[in-house]
Amino acid sequence: MQEKLSEIKTSVLPAVEKATNLAELDAVRVGVVGKNGTLTAMMKEMGSLSVEEKKTFGAAINAVKTEVMKAIEDKKIALEDAELNQKLQSESVDVSLPCRPQNIGRIHPITQATEEALTIFAQMGFDLAEGPDIEDDWHNFEALNLPKEHPARQMQATFFFDNKNMLRTQTSGVQIRTMENKKPPIRIVCPGRTYRRDYDATHTPMFHQIEGLVIDEKTNLANLKAVLVEFFKLFFETDDVKVRFRPSYFPFTEPSYEMDLGGVMARNIGKEWLELLGCGIVDPRVLKNCGLDPEKYQGFAFGIGLDRLAMMKYGIKDLRQMFEADMKWIKHYGFLPLDIPTVTSGLSLNGGKK
Ligand code: DAH
């Protein structure tokens with residue numbers, strides 16, 4: 001038996017050493033300690049031995065088994081290490097490979113224009129104000145000096161929900177909401193969606209405005225002009241900006257004007273002047289409606305058509321395309337997220353170039 005044991009040892013240990021992969025090594029293991037393994041067979045034979053012999057041979061067999069198993073375990077670790085190393089080498093990543101094209105979304109031109117406009121107004125010291133899309137009669141009309149039977153209500157073909165609530169036809173209601181809640185000095189801009197029953201190449205039932213309001217003790221038309229001229233210079237990134245104020249009528253301002261933009265942006269599309277916004281000095285009645293003393297406070301307001309602004313800046317021809325959710329169109333006219341300036345990035349606008 002001793003002999004057999006040393007035979008097993010001398011044949012198995014080199015076999016373990018020779019194994020070149022885990023499968024071979026396992027075959028060796030099974031040959032020794034598997035069901036029909038050599039050592040297993042010897043264990044079985046022990047049944048016929050005397051108690052004394054069992055003790056000595058049992059210990060001898062166990063010693064060989066321990067030694068063999070340790071050799072197999074060590075070899076296994078070595079083989080696994082080698083396998084891992086080989087895998088790491090064959091699977092190494094080539095970092096110089098170009099990456100796969102990514103399909104990332106685009107920023108809609110309206111969002112882009114809004115962000116750019118807000119950035120500029122923030123730099124001028126304006127706060128951002130907001131109001132609801134579903135507006136009540138008081139904020140959309142009444143407080144803006146448009147009483148029930150006022151003919152000007154009809155100019156704004158309104159989507160009503162009931163007698164009291166409607167989709168706001170203008171962002172001007174945010175002027176009221178702001179003045180009701182805040183004492184002057186007030187300097188706010190409010191971009192947002194507005195709605196009217198209209199649809200053709202230059203009108204869509206939903207469109208965007210940006211409203212501005214400045215109320216203080218000494219504000220005047222010259223301030224209004226300075227703010228708007230400065231805004232358009234920065235927004236269109238040119239000093240070639242001319243403005244023209246035409247007398248007009250809005251119930252909530254007196255005097256009221258429509259402002260036209262001249263200069264390079266108008267010439268670009270073969271025109272001398274472009275109608276861009278309504279503005280004026282806030283009517284004393286509106287101040288009163290909001291609980292402000294018109295003897296003490298005054299100010300100006302303006303409402304710019306944001307869609308127009310975006311179309312001019314980015315060369316978009318048809319307003320309706322903006323709201324058709326056509327992916328090809330968005331890919332062409334939209335912006336990569338990095339193009340969006342944030343309020344903290346100051347005036348380093350990139351002109352919306354891709
Ligand atoms: N709310 C007006 C409109 O939708 C635009 C407007 C005109 C806003 C004059 C103003 C303003 O704040 O002062 O046509």
# chains A, B, ... in the order shown; residues from 1 in each chain; ligands from 1
>>> select_by_dssp(residues="range 87-255 of chain A", states="helix (DSSP H, G or I)", output="PyMOL selection string")
chain A and resi 87-90+109-123+137-140+142-144+151-155+173-181+221-236
>>> residues_near_ligand(ligand="ligand 1", cutoff="9 Å", atoms="only C-alpha atoms and all ligand atoms", output="PyMOL selection string")
chain A and resi 155-156+169-173+175+194+209-213+249-254+256-258+277-282+300-305
>>> closest_residue(among="A:Ala157, A:Ala122, A:Val286, A:Ile72", to="Lys18 in chain A", atoms="only C-alpha atoms")
A:Ile72
>>> select_by_dssp(residues="range 27-248 of chain A", states="strand (DSSP E)", output="VMD selection string")
chain A and resid 127 to 128 134 to 136 165 to 167 186 to 195 206 to 216 241 to 248
>>> closest_residue(among="A:Ser248, A:Met322, A:Ala19, A:Phe335", to="Lys76 in chain A", atoms="only C-alpha atoms")
A:Ala19
>>> closest_residue(among="A:Leu224, A:Ala59, A:Met312, A:Leu118", to="Asn268 in chain A", atoms="only C-alpha atoms")
A:Met312
>>> atom_distance(atom1="CA of Gln321 in chain A", atom2="CA of Leu167 in chain A")
22.0 Å
>>> residues_around(residues="Ile61 in chain A", least_positions_apart="6", cutoff="10 Å", atoms="only C-alpha atoms", output="ChimeraX atom specification")
/A:1-2,5-6,39-40,42-43,67
>>> closest_residue(among="A:His203, A:Ile215, A:Ala143, A:Asn181", to="Phe126 in chain A", atoms="only C-alpha atoms")
A:Ile215
>>> residues_around(residues="Arg197 in chain A", least_positions_apart="3", cutoff="7 Å", atoms="only C-alpha atoms", output="ChimeraX atom specification")
/A:157-159,205
>>> residues_around(residues="range 160-166 of chain A", least_positions_apart="3", cutoff="8 Å", atoms="only C-alpha atoms", output="MDAnalysis selection string")
chainID A and resid 134:137
